[in-house]
>>> print(open('protein-v3.pdb').read())   # PDB, C-alpha atoms, pLDDT in the B column
ATOM      1  CA  PRO T   1     -28.701  -3.409  -9.785  1.00 87.00           C
ATOM      2  CA  LYS T   2     -29.522   0.294  -9.816  1.00 89.00           C
ATOM      3  CA  LYS T   3     -25.920   1.304  -9.181  1.00 92.00           C
ATOM      4  CA  VAL T   4     -22.533  -0.396  -9.533  1.00 94.00           C
ATOM      5  CA  PHE T   5     -19.470   1.106  -7.850  1.00 93.00           C
ATOM      6  CA  PHE T   6     -15.862   0.466  -8.847  1.00 92.00           C
ATOM      7  CA  GLN T   7     -12.737   1.263  -6.840  1.00 88.00           C
ATOM      8  CA  ASN T   8     -10.490   2.099  -9.774  1.00 87.00           C
ATOM      9  CA  PRO T   9     -11.126   3.349 -13.332  1.00 88.00           C
ATOM     10  CA  LYS T  10      -9.350   0.402 -15.007  1.00 88.00           C
ATOM     11  CA  ASP T  11     -11.816  -2.141 -13.624  1.00 91.00           C
ATOM     12  CA  ARG T  12     -14.722   0.135 -14.496  1.00 93.00           C
ATOM     13  CA  GLU T  13     -13.545   0.406 -18.123  1.00 94.00           C
ATOM     14  CA  LEU T  14     -13.127  -3.379 -18.356  1.00 95.00           C
ATOM     15  CA  PHE T  15     -16.676  -4.111 -17.174  1.00 96.00           C
ATOM     16  CA  ILE T  16     -18.210  -1.474 -19.455  1.00 96.00           C
ATOM     17  CA  LYS T  17     -16.167  -2.601 -22.479  1.00 96.00           C
ATOM     18  CA  SER T  18     -17.148  -6.234 -21.808  1.00 96.00           C
ATOM     19  CA  LYS T  19     -20.811  -5.137 -21.692  1.00 95.00           C
ATOM     20  CA  LEU T  20     -21.242  -6.530 -18.202  1.00 95.00           C
ATOM     21  CA  VAL T  21     -22.722  -3.248 -17.003  1.00 96.00           C
ATOM     22  CA  LYS T  22     -24.091  -0.072 -18.600  1.00 95.00           C
ATOM     23  CA  LYS T  23     -21.882   2.966 -18.139  1.00 95.00           C
ATOM     24  CA  LYS T  24     -24.725   5.156 -16.801  1.00 93.00           C
ATOM     25  CA  LYS T  25     -25.198   2.736 -13.893  1.00 94.00           C
ATOM     26  CA  THR T  26     -21.557   2.953 -12.791  1.00 94.00           C
ATOM     27  CA  ASP T  27     -19.600   5.298 -10.592  1.00 92.00           C
ATOM     28  CA  LEU T  28     -16.173   5.413  -8.959  1.00 90.00           C
ATOM     29  CA  LEU T  29     -15.500   5.171  -5.237  1.00 88.00           C
ATOM     30  CA  PRO T  30     -12.170   6.082  -3.635  1.00 85.00           C
ATOM     31  CA  GLY T  31     -11.784   2.608  -2.138  1.00 83.00           C
ATOM     32  CA  SER T  32     -13.551   1.698   1.078  1.00 85.00           C
ATOM     33  CA  GLY T  33     -12.540   5.001   2.607  1.00 89.00           C
ATOM     34  CA  ILE T  34     -10.135   5.593   5.460  1.00 93.00           C
ATOM     35  CA  ASP T  35     -10.615   7.000   8.960  1.00 95.00           C
ATOM     36  CA  THR T  36      -7.992   9.732   8.819  1.00 96.00           C
ATOM     37  CA  GLU T  37      -8.403  10.463  12.527  1.00 96.00           C
ATOM     38  CA  LYS T  38      -7.570   6.899  13.510  1.00 96.00           C
ATOM     39  CA  PHE T  39      -4.760   6.675  10.954  1.00 97.00           C
ATOM     40  CA  LYS T  40      -2.865   9.870  11.698  1.00 96.00           C
ATOM     41  CA  PRO T  41       0.818  10.742  12.117  1.00 96.00           C
ATOM     42  CA  VAL T  42       2.535   9.768  15.364  1.00 94.00           C
ATOM     43  CA  GLU T  43       5.525  11.737  16.579  1.00 89.00           C
ATOM     44  CA  ARG T  44       8.676   9.727  17.256  1.00 86.00           C
ATOM     45  CA  GLU T  45      12.412  10.204  17.233  1.00 83.00           C
ATOM     46  CA  ALA T  46      13.904  10.330  13.738  1.00 80.00           C
ATOM     47  CA  ARG T  47      16.193   7.533  12.588  1.00 81.00           C
ATOM     48  CA  LYS T  48      19.409   7.791  10.653  1.00 77.00           C
ATOM     49  CA  ALA T  49      18.806   7.300   6.927  1.00 73.00           C
ATOM     50  CA  LYS T  50      20.797   4.057   6.715  1.00 81.00           C
ATOM     51  CA  ASN T  51      18.768   2.581   9.601  1.00 89.00           C
ATOM     52  CA  LEU T  52      15.315   3.151   8.082  1.00 95.00           C
ATOM     53  CA  HIS T  53      12.601   0.577   8.794  1.00 97.00           C
ATOM     54  CA  PHE T  54      10.549  -0.605   5.802  1.00 98.00           C
ATOM     55  CA  LEU T  55       7.217  -2.390   6.276  1.00 98.00           C
ATOM     56  CA  PHE T  56       5.419  -4.813   3.947  1.00 98.00           C
ATOM     57  CA  ILE T  57       1.792  -5.442   5.001  1.00 97.00           C
ATOM     58  CA  ALA T  58      -0.315  -8.008   3.151  1.00 96.00           C
ATOM     59  CA  ARG T  59      -1.432 -11.610   3.061  1.00 95.00           C
ATOM     60  CA  LEU T  60       1.642 -13.747   2.525  1.00 97.00           C
ATOM     61  CA  ILE T  61       1.149 -14.624  -1.129  1.00 96.00           C
ATOM     62  CA  GLY T  62       3.272 -14.118  -4.214  1.00 96.00           C
ATOM     63  CA  ASP T  63       0.708 -11.906  -5.960  1.00 96.00           C
ATOM     64  CA  LYS T  64       1.300  -9.227  -3.320  1.00 97.00           C
ATOM     65  CA  GLY T  65       4.898  -8.970  -4.519  1.00 97.00           C
ATOM     66  CA  LEU T  66       6.391 -10.537  -1.413  1.00 98.00           C
ATOM     67  CA  VAL T  67       9.157 -12.378  -3.258  1.00 98.00           C
ATOM     68  CA  GLU T  68      10.159  -9.153  -5.030  1.00 98.00           C
ATOM     69  CA  TYR T  69      10.173  -7.362  -1.663  1.00 98.00           C
ATOM     70  CA  VAL T  70      12.509  -9.975  -0.188  1.00 98.00           C
ATOM     71  CA  ASP T  71      14.787  -9.852  -3.246  1.00 98.00           C
ATOM     72  CA  ALA T  72      14.901  -6.043  -3.064  1.00 98.00           C
ATOM     73  CA  ALA T  73      15.639  -6.219   0.668  1.00 98.00           C
ATOM     74  CA  ARG T  74      18.506  -8.617  -0.041  1.00 98.00           C
ATOM     75  CA  MET T  75      20.015  -6.161  -2.552  1.00 98.00           C
ATOM     76  CA  LEU T  76      19.664  -3.195  -0.214  1.00 97.00           C
ATOM     77  CA  LYS T  77      20.961  -5.114   2.824  1.00 97.00           C
ATOM     78  CA  ALA T  78      24.228  -5.699   0.972  1.00 96.00           C
ATOM     79  CA  LYS T  79      24.601  -1.945   0.541  1.00 96.00           C
ATOM     80  CA  TYR T  80      22.870  -0.679   3.697  1.00 96.00           C
ATOM     81  CA  PRO T  81      23.303  -3.399   6.363  1.00 96.00           C
ATOM     82  CA  GLU T  82      21.637  -1.286   9.074  1.00 96.00           C
ATOM     83  CA  ALA T  83      18.355  -0.946   7.155  1.00 97.00           C
ATOM     84  CA  VAL T  84      15.453  -3.065   8.449  1.00 97.00           C
ATOM     85  CA  PHE T  85      12.890  -4.873   6.290  1.00 98.00           C
ATOM     86  CA  ASN T  86       9.824  -6.165   8.132  1.00 98.00           C
ATOM     87  CA  ILE T  87       6.799  -8.204   7.078  1.00 98.00           C
ATOM     88  CA  LEU T  88       3.367  -8.135   8.679  1.00 98.00           C
ATOM     89  CA  GLY T  89       0.584 -10.417   7.485  1.00 96.00           C
ATOM     90  CA  THR T  90      -1.257 -13.705   7.661  1.00 95.00           C
ATOM     91  CA  TYR T  91      -0.399 -16.960   5.953  1.00 94.00           C
ATOM     92  CA  TYR T  92      -2.884 -17.808   3.183  1.00 91.00           C
ATOM     93  CA  LEU T  93      -2.103 -21.382   2.279  1.00 87.00           C
ATOM     94  CA  GLY T  94      -5.221 -21.882   0.150  1.00 86.00           C
ATOM     95  CA  ASN T  95      -3.810 -19.530  -2.478  1.00 90.00           C
ATOM     96  CA  PRO T  96      -1.789 -20.986  -5.400  1.00 92.00           C
ATOM     97  CA  THR T  97       0.958 -18.400  -4.809  1.00 94.00           C
ATOM     98  CA  ALA T  98       1.030 -18.850  -1.016  1.00 95.00           C
ATOM     99  CA  ILE T  99       4.306 -18.257   0.803  1.00 96.00           C
ATOM    100  CA  THR T 100       5.017 -20.987   3.364  1.00 95.00           C
ATOM    101  CA  GLN T 101       6.271 -20.692   6.917  1.00 95.00           C
ATOM    102  CA  ASP T 102       9.441 -22.538   5.871  1.00 96.00           C
ATOM    103  CA  GLU T 103      10.176 -19.832   3.280  1.00 97.00           C
ATOM    104  CA  ILE T 104       9.635 -17.041   5.801  1.00 97.00           C
ATOM    105  CA  GLU T 105      11.898 -18.774   8.332  1.00 97.00           C
ATOM    106  CA  MET T 106      14.563 -19.319   5.675  1.00 97.00           C
ATOM    107  CA  TRP T 107      14.560 -15.594   4.821  1.00 97.00           C
ATOM    108  CA  GLU T 108      14.763 -14.720   8.515  1.00 97.00           C
ATOM    109  CA  GLU T 109      17.700 -17.063   9.058  1.00 97.00           C
ATOM    110  CA  GLU T 110      19.395 -15.435   6.088  1.00 96.00           C
ATOM    111  CA  GLY T 111      19.054 -12.123   7.899  1.00 96.00           C
ATOM    112  CA  VAL T 112      17.108 -10.436   5.095  1.00 97.00           C
ATOM    113  CA  ILE T 113      13.748  -9.802   6.770  1.00 97.00           C
ATOM    114  CA  HIS T 114      11.921  -9.961  10.107  1.00 98.00           C
ATOM    115  CA  TYR T 115       8.440 -11.482  10.282  1.00 98.00           C
ATOM    116  CA  LEU T 116       6.230  -9.592  12.752  1.00 97.00           C
ATOM    117  CA  GLY T 117       3.303 -12.013  12.669  1.00 95.00           C
ATOM    118  CA  ALA T 118      -0.291 -10.893  12.107  1.00 92.00           C
ATOM    119  CA  ILE T 119      -2.441  -8.407  14.043  1.00 89.00           C
ATOM    120  CA  ASP T 120      -5.753  -6.654  13.432  1.00 83.00           C
ATOM    121  CA  ASP T 121      -4.806  -3.153  14.602  1.00 86.00           C
ATOM    122  CA  VAL T 122      -1.861  -2.025  12.477  1.00 95.00           C
ATOM    123  CA  VAL T 123      -1.700   1.613  13.660  1.00 96.00           C
ATOM    124  CA  GLU T 124       1.096   1.088  16.192  1.00 95.00           C
ATOM    125  CA  VAL T 125       3.131  -1.036  13.778  1.00 97.00           C
ATOM    126  CA  ILE T 126       2.895   1.495  10.936  1.00 97.00           C
ATOM    127  CA  ALA T 127       3.815   4.262  13.379  1.00 97.00           C
ATOM    128  CA  GLU T 128       7.119   2.533  14.164  1.00 95.00           C
ATOM    129  CA  HIS T 129       8.192   2.337  10.516  1.00 96.00           C
ATOM    130  CA  ASP T 130       9.541   4.866   8.036  1.00 96.00           C
ATOM    131  CA  CYS T 131       8.109   3.612   4.747  1.00 98.00           C
ATOM    132  CA  VAL T 132       5.273   1.295   3.677  1.00 98.00           C
ATOM    133  CA  VAL T 133       6.006  -0.991   0.713  1.00 98.00           C
ATOM    134  CA  LEU T 134       3.488  -2.972  -1.356  1.00 98.00           C
ATOM    135  CA  PRO T 135       4.775  -4.312  -4.705  1.00 98.00           C
ATOM    136  CA  SER T 136       1.419  -5.969  -5.474  1.00 97.00           C
ATOM    137  CA  TYR T 137       0.575  -7.209  -8.965  1.00 97.00           C
ATOM    138  CA  ARG T 138      -2.906  -5.642  -8.773  1.00 92.00           C
ATOM    139  CA  GLU T 139      -5.392  -4.244  -6.234  1.00 92.00           C
ATOM    140  CA  GLY T 140      -8.946  -2.930  -6.209  1.00 87.00           C
ATOM    141  CA  LEU T 141      -7.682  -0.003  -4.171  1.00 90.00           C
ATOM    142  CA  SER T 142      -5.093  -0.865  -1.560  1.00 94.00           C
ATOM    143  CA  ARG T 143      -6.279  -0.143   1.976  1.00 93.00           C
ATOM    144  CA  VAL T 144      -2.781  -0.792   3.329  1.00 95.00           C
ATOM    145  CA  LEU T 145      -1.374   2.012   1.194  1.00 97.00           C
ATOM    146  CA  LEU T 146      -4.175   4.349   2.284  1.00 96.00           C
ATOM    147  CA  GLU T 147      -3.435   3.573   5.931  1.00 97.00           C
ATOM    148  CA  GLY T 148       0.285   4.176   5.473  1.00 97.00           C
ATOM    149  CA  ALA T 149      -0.185   7.410   3.540  1.00 98.00           C
ATOM    150  CA  SER T 150      -2.784   8.640   6.043  1.00 98.00           C
ATOM    151  CA  MET T 151      -0.155   8.202   8.757  1.00 98.00           C
ATOM    152  CA  ALA T 152       2.210  10.356   6.670  1.00 98.00           C
ATOM    153  CA  LYS T 153       4.541   7.525   5.633  1.00 98.00           C
ATOM    154  CA  PRO T 154       6.226   7.614   2.222  1.00 98.00           C
ATOM    155  CA  ILE T 155       4.921   4.823  -0.003  1.00 98.00           C
ATOM    156  CA  VAL T 156       6.704   2.541  -2.464  1.00 98.00           C
ATOM    157  CA  THR T 157       4.379   0.506  -4.644  1.00 98.00           C
ATOM    158  CA  THR T 158       3.861  -0.824  -8.159  1.00 98.00           C
ATOM    159  CA  ASN T 159       2.620   1.158 -11.124  1.00 97.00           C
ATOM    160  CA  VAL T 160      -0.578  -0.895 -11.431  1.00 96.00           C
ATOM    161  CA  PRO T 161      -4.308  -0.203 -10.914  1.00 91.00           C
ATOM    162  CA  GLY T 162      -5.310   0.034  -7.278  1.00 91.00           C
ATOM    163  CA  CYS T 163      -1.773   0.919  -6.164  1.00 95.00           C
ATOM    164  CA  LYS T 164      -0.712   3.813  -8.378  1.00 95.00           C
ATOM    165  CA  ASP T 165      -3.992   5.606  -7.604  1.00 93.00           C
ATOM    166  CA  VAL T 166      -2.820   6.217  -4.022  1.00 95.00           C
ATOM    167  CA  VAL T 167       0.619   7.635  -4.854  1.00 96.00           C
ATOM    168  CA  ASP T 168       1.774  10.704  -6.729  1.00 96.00           C
ATOM    169  CA  ASP T 169       5.112   9.432  -8.029  1.00 97.00           C
ATOM    170  CA  GLY T 170       8.035  11.422  -6.659  1.00 97.00           C
ATOM    171  CA  ILE T 171       5.699  13.526  -4.524  1.00 97.00           C
ATOM    172  CA  SER T 172       4.102  11.259  -1.919  1.00 97.00           C
ATOM    173  CA  GLY T 173       6.096   8.134  -2.737  1.00 98.00           C
ATOM    174  CA  TYR T 174       7.610   6.166  -5.596  1.00 98.00           C
ATOM    175  CA  LEU T 175       6.224   3.768  -8.208  1.00 98.00           C
ATOM    176  CA  CYS T 176       8.171   0.747  -9.432  1.00 98.00           C
ATOM    177  CA  LYS T 177       7.678  -1.741 -12.254  1.00 98.00           C
ATOM    178  CA  VAL T 178       5.520  -4.748 -11.463  1.00 98.00           C
ATOM    179  CA  LYS T 179       7.278  -8.102 -10.871  1.00 98.00           C
ATOM    180  CA  ASP T 180      10.660  -6.336 -10.955  1.00 98.00           C
ATOM    181  CA  ALA T 181      12.803  -6.580  -7.820  1.00 98.00           C
ATOM    182  CA  ASP T 182      15.531  -4.374  -9.329  1.00 98.00           C
ATOM    183  CA  SER T 183      13.072  -1.560  -9.979  1.00 98.00           C
ATOM    184  CA  LEU T 184      11.616  -1.978  -6.481  1.00 98.00           C
ATOM    185  CA  ALA T 185      15.072  -1.816  -4.881  1.00 98.00           C
ATOM    186  CA  GLN T 186      15.889   1.343  -6.841  1.00 98.00           C
ATOM    187  CA  GLN T 187      12.729   3.073  -5.626  1.00 98.00           C
ATOM    188  CA  MET T 188      13.226   1.954  -2.026  1.00 98.00           C
ATOM    189  CA  GLU T 189      16.800   3.235  -2.178  1.00 97.00           C
ATOM    190  CA  LYS T 190      15.447   6.660  -3.133  1.00 97.00           C
ATOM    191  CA  VAL T 191      13.647   6.733   0.224  1.00 97.00           C
ATOM    192  CA  LEU T 192      16.895   5.768   1.976  1.00 96.00           C
ATOM    193  CA  LEU T 193      18.697   8.645   0.294  1.00 95.00           C
ATOM    194  CA  LEU T 194      16.159  11.305   1.265  1.00 95.00           C
ATOM    195  CA  SER T 195      16.891  13.618   4.175  1.00 93.00           C
ATOM    196  CA  GLU T 196      14.630  13.442   7.230  1.00 93.00           C
ATOM    197  CA  ASP T 197      12.957  16.691   6.159  1.00 94.00           C
ATOM    198  CA  GLU T 198      12.377  15.366   2.637  1.00 96.00           C
ATOM    199  CA  ARG T 199      10.833  12.133   3.951  1.00 95.00           C
ATOM    200  CA  SER T 200       8.665  14.103   6.338  1.00 95.00           C
ATOM    201  CA  GLU T 201       7.461  16.378   3.540  1.00 97.00           C
ATOM    202  CA  MET T 202       6.756  13.393   1.289  1.00 98.00           C
ATOM    203  CA  GLY T 203       4.691  11.778   4.024  1.00 97.00           C
ATOM    204  CA  LYS T 204       2.836  15.017   4.684  1.00 98.00           C
ATOM    205  CA  ARG T 205       1.853  15.306   1.017  1.00 98.00           C
ATOM    206  CA  GLY T 206       0.643  11.697   1.071  1.00 98.00           C
ATOM    207  CA  ARG T 207      -1.638  12.416   4.031  1.00 98.00           C
ATOM    208  CA  GLU T 208      -2.995  15.535   2.329  1.00 97.00           C
ATOM    209  CA  LYS T 209      -3.879  13.416  -0.729  1.00 97.00           C
ATOM    210  CA  VAL T 210      -5.683  10.820   1.397  1.00 97.00           C
ATOM    211  CA  ILE T 211      -7.706  13.477   3.232  1.00 96.00           C
ATOM    212  CA  ALA T 212      -8.662  15.184  -0.042  1.00 95.00           C
ATOM    213  CA  GLU T 213      -9.485  12.063  -2.066  1.00 94.00           C
ATOM    214  CA  PHE T 214      -9.941   8.976   0.121  1.00 94.00           C
ATOM    215  CA  ASP T 215     -11.447  10.032   3.453  1.00 95.00           C
ATOM    216  CA  GLU T 216     -14.304   7.723   4.500  1.00 94.00           C
ATOM    217  CA  LYS T 217     -16.611  10.753   4.659  1.00 94.00           C
ATOM    218  CA  ILE T 218     -16.296  11.035   0.861  1.00 92.00           C
ATOM    219  CA  VAL T 219     -17.241   7.361   0.401  1.00 91.00           C
ATOM    220  CA  ILE T 220     -20.218   7.597   2.779  1.00 93.00           C
ATOM    221  CA  GLU T 221     -21.534  10.690   1.020  1.00 93.00           C
ATOM    222  CA  LYS T 222     -21.262   8.929  -2.356  1.00 90.00           C
ATOM    223  CA  TYR T 223     -23.374   6.043  -1.052  1.00 91.00           C
ATOM    224  CA  LYS T 224     -25.936   8.404   0.487  1.00 93.00           C
ATOM    225  CA  SER T 225     -26.162  10.440  -2.709  1.00 92.00           C
ATOM    226  CA  ALA T 226     -26.718   7.295  -4.806  1.00 90.00           C
ATOM    227  CA  ILE T 227     -29.446   6.064  -2.448  1.00 91.00           C
ATOM    228  CA  ARG T 228     -31.208   9.432  -2.493  1.00 93.00           C
ATOM    229  CA  LYS T 229     -31.223   9.476  -6.311  1.00 90.00           C
ATOM    230  CA  ILE T 230     -32.501   5.893  -6.575  1.00 89.00           C
ATOM    231  CA  PHE T 231     -35.380   6.424  -4.153  1.00 90.00           C
ATOM    232  CA  SER T 232     -36.369   9.788  -5.548  1.00 85.00           C
TER
END
>>> encode(input="protein-v3.pdb", output="structure tokens")
Amino acid sequence: PKKVFFQNPKDRELFIKSKLVKKKKTDLLPGSGIDTEKFKPVEREARKAKNLHFLFIARLIGDKGLVEYVDAARMLKAKYPEAVFNILGTYYLGNPTAITQDEIEMWEEEGVIHYLGAIDDVVEVIAEHDCVVLPSYREGLSRVLLEGASMAKPIVTTNVPGCKDVVDDGISGYLCKVKDADSLAQQMEKVLLLSEDERSEMGKRGREKVIAEFDEKIVIEKYKSAIRKIFS
């Protein structure tokens, strides 16, 4: 290949160090890009802090940190019973870490989470929530987090490649330790304890970061520039 793109610097370093690709052939892309006009803030009535709605969006597998999310929700529910913890995503039973329908139903019966099913257009669902959570073990560059941040939602995610790249810790969201439900609960609680103005400002800064670094126009221009150089 004339050009090889990576979506985060960690993966790029790994491939170069392993001599799978020459450094001069590589470049970084800010993910697949995001349509910041489609994913934009939606005005709605503010909720009381203790009644915040958290949203996990991903395939229903353990590697996305779903079990940690449920454990963190259980901890926070004991302290903030009015808080809501929702899950949106498809079952993926071919995966070794797949979460089953029985497990989801068990968690629902326990009163910890609500399962919203699976849909293609997530804009309306994100709009109805206050915070997007993805405690994934690793991503290329999480599109879910880009969508949430672009809609000016505070983000809570893990301090791992492909997730941490989207969030400025303490500024546009919070980073937690990977595979650590206690750490995740602590960071989610920080969102609960913010004032409405503080959450709004955090979301605003997240959207500004997405527009500046991850807009699809930036990705398209990178591709066009690479093609021009190759054919010239």
>>> residues_around(input="protein-v3.pdb", residues="stretch 116-125 of chain T", least_positions_apart="5", cutoff="8 Å", atoms="all atoms listed in the file", output="list of chain:residue names")
T:Lys38, T:Phe39, T:Asn86, T:Ile87, T:Leu88, T:Gly89, T:Thr90
>>> closest_residue(input="protein-v3.pdb", among="T:Asp130, T:Asp182, T:Glu110, T:Glu139", to="T:Lys164", atoms="only C-alpha atoms")
T:Glu139
>>> resolve_selection(input="protein-v3.pdb", expression="the PyMOL selection byres ((chain T and resi 107) around 12)", output="ChimeraX atom specification")
/T:66-67,69-71,73-74,85-87,99-106,108-115
>>> write_last_selection(input="protein-v3.pdb", atoms="C-alpha atoms", output="PDB file, keeping the file's coordinate frame")
ATOM      1  CA  LEU T  66       6.391 -10.537  -1.413  1.00 98.00           C
ATOM      2  CA  VAL T  67       9.157 -12.378  -3.258  1.00 98.00           C
ATOM      3  CA  TYR T  69      10.173  -7.362  -1.663  1.00 98.00           C
ATOM      4  CA  VAL T  70      12.509  -9.975  -0.188  1.00 98.00           C
ATOM      5  CA  ASP T  71      14.787  -9.852  -3.246  1.00 98.00           C
ATOM      6  CA  ALA T  73      15.639  -6.219   0.668  1.00 98.00           C
ATOM      7  CA  ARG T  74      18.506  -8.617  -0.041  1.00 98.00           C
ATOM      8  CA  PHE T  85      12.890  -4.873   6.290  1.00 98.00           C
ATOM      9  CA  ASN T  86       9.824  -6.165   8.132  1.00 98.00           C
ATOM     10  CA  ILE T  87       6.799  -8.204   7.078  1.00 98.00           C
ATOM     11  CA  ILE T  99       4.306 -18.257   0.803  1.00 96.00           C
ATOM     12  CA  THR T 100       5.017 -20.987   3.364  1.00 95.00           C
ATOM     13  CA  GLN T 101       6.271 -20.692   6.917  1.00 95.00           C
ATOM     14  CA  ASP T 102       9.441 -22.538   5.871  1.00 96.00           C
ATOM     15  CA  GLU T 103      10.176 -19.832   3.280  1.00 97.00           C
ATOM     16  CA  ILE T 104       9.635 -17.041   5.801  1.00 97.00           C
ATOM     17  CA  GLU T 105      11.898 -18.774   8.332  1.00 97.00           C
ATOM     18  CA  MET T 106      14.563 -19.319   5.675  1.00 97.00           C
ATOM     19  CA  GLU T 108      14.763 -14.720   8.515  1.00 97.00           C
ATOM     20  CA  GLU T 109      17.700 -17.063   9.058  1.00 97.00           C
ATOM     21  CA  GLU T 110      19.395 -15.435   6.088  1.00 96.00           C
ATOM     22  CA  GLY T 111      19.054 -12.123   7.899  1.00 96.00           C
ATOM     23  CA  VAL T 112      17.108 -10.436   5.095  1.00 97.00           C
ATOM     24  CA  ILE T 113      13.748  -9.802   6.770  1.00 97.00           C
ATOM     25  CA  HIS T 114      11.921  -9.961  10.107  1.00 98.00           C
ATOM     26  CA  TYR T 115       8.440 -11.482  10.282  1.00 98.00           C
TER      27      TYR T 115
END
>>> resolve_selection(input="protein-v3.pdb", expression="the PyMOL selection byres ((chain T and resi 229-232) around 12)", output="PyMOL selection string")
chain T and resi 1-3+25+222-228
>>> residues_around(input="protein-v3.pdb", residues="T:Ser183", least_positions_apart="2", cutoff="12 Å", atoms="only C-alpha atoms", output="number ranges by chain")
T: 68-69, 71-73, 75-76, 135, 156-159, 174-181, 185-190
>>> atom_distance(input="protein-v3.pdb", atom1="atom CA of T:Met202", atom2="atom CA of T:Glu128")
16.8 Å
>>> closest_residue(input="protein-v3.pdb", among="T:Ile57, T:Met151, T:Ile218, T:Leu146", to="T:Gly203", atoms="all atoms listed in the file")
T:Met151
>>> resolve_selection(input="protein-v3.pdb", expression="the PyMOL selection byres ((chain T and resi 30) around 10)", output="ChimeraX atom specification")
/T:5-8,28-29,31-34,140-141,162,165-166,210,213-216,218-219,222
>>> closest_residue(input="protein-v3.pdb", among="T:Thr97, T:Glu196, T:Asp27, T:Asn51", to="T:Lys79", atoms="all atoms listed in the file")
T:Asn51
>>> atom_distance(input="protein-v3.pdb", atom1="atom CA of T:Leu55", atom2="atom CA of T:Ala212")
24.5 Å
>>> residues_near_point(input="protein-v3.pdb", point="(4.5, 14.8, 2.7)", cutoff="9 Å", atoms="all atoms listed in the file", output="number ranges by chain")
T: 149, 152-154, 171-173, 198-208
>>> write_last_selection(input="protein-v3.pdb", atoms="C-alpha atoms", output="compact mmCIF listing (two decimals), keeping the file's coordinate frame")
# COMPACT_ATOMS: atom_id res chain seq x y z
CA ALA T 149 -0.18 7.41 3.54
CA ALA T 152 2.21 10.36 6.67
CA LYS T 153 4.54 7.52 5.63
CA PRO T 154 6.23 7.61 2.22
CA ILE T 171 5.70 13.53 -4.52
CA SER T 172 4.10 11.26 -1.92
CA GLY T 173 6.10 8.13 -2.74
CA GLU T 198 12.38 15.37 2.64
CA ARG T 199 10.83 12.13 3.95
CA SER T 200 8.66 14.10 6.34
CA GLU T 201 7.46 16.38 3.54
CA MET T 202 6.76 13.39 1.29
CA GLY T 203 4.69 11.78 4.02
CA LYS T 204 2.84 15.02 4.68
CA ARG T 205 1.85 15.31 1.02
CA GLY T 206 0.64 11.70 1.07
CA ARG T 207 -1.64 12.42 4.03
CA GLU T 208 -3.00 15.54 2.33
>>> build_atoms(input="protein-v3.pdb", residues="stretch 66-77 of chain T", atoms="N, CA and C atoms", output="short mmCIF file (atom, residue, chain, number, x, y, z; two decimals), in the coordinates of the input")
data_model
loop_
_atom_site.label_atom_id
_atom_site.label_comp_id
_atom_site.auth_asym_id
_atom_site.auth_seq_id
_atom_site.Cartn_x
_atom_site.Cartn_y
_atom_site.Cartn_z
N LEU T 66 5.54 -10.25 -2.57
CA LEU T 66 6.39 -10.54 -1.41
C LEU T 66 7.78 -11.02 -1.81
N VAL T 67 7.85 -11.87 -2.83
CA VAL T 67 9.16 -12.38 -3.26
C VAL T 67 10.03 -11.23 -3.78
N GLU T 68 9.41 -10.32 -4.53
CA GLU T 68 10.16 -9.15 -5.03
C GLU T 68 10.64 -8.27 -3.87
N TYR T 69 9.79 -8.15 -2.85
CA TYR T 69 10.17 -7.36 -1.66
C TYR T 69 11.40 -7.98 -0.98
N VAL T 70 11.38 -9.29 -0.83
CA VAL T 70 12.51 -9.98 -0.19
C VAL T 70 13.77 -9.85 -1.05
N ASP T 71 13.63 -10.00 -2.35
CA ASP T 71 14.79 -9.85 -3.25
C ASP T 71 15.35 -8.43 -3.19
N ALA T 72 14.46 -7.44 -3.16
CA ALA T 72 14.90 -6.04 -3.06
C ALA T 72 15.58 -5.79 -1.72
N ALA T 73 15.03 -6.36 -0.66
CA ALA T 73 15.64 -6.22 0.67
C ALA T 73 17.04 -6.82 0.69
N ARG T 74 17.19 -7.96 0.02
CA ARG T 74 18.51 -8.62 -0.04
C ARG T 74 19.52 -7.71 -0.74
N MET T 75 19.12 -7.08 -1.83
CA MET T 75 20.02 -6.16 -2.55
C MET T 75 20.41 -4.96 -1.68
N LEU T 76 19.41 -4.39 -1.01
CA LEU T 76 19.66 -3.20 -0.21
C LEU T 76 20.45 -3.52 1.05
N LYS T 77 20.23 -4.70 1.63
CA LYS T 77 20.96 -5.11 2.82
C LYS T 77 22.46 -5.18 2.55
#
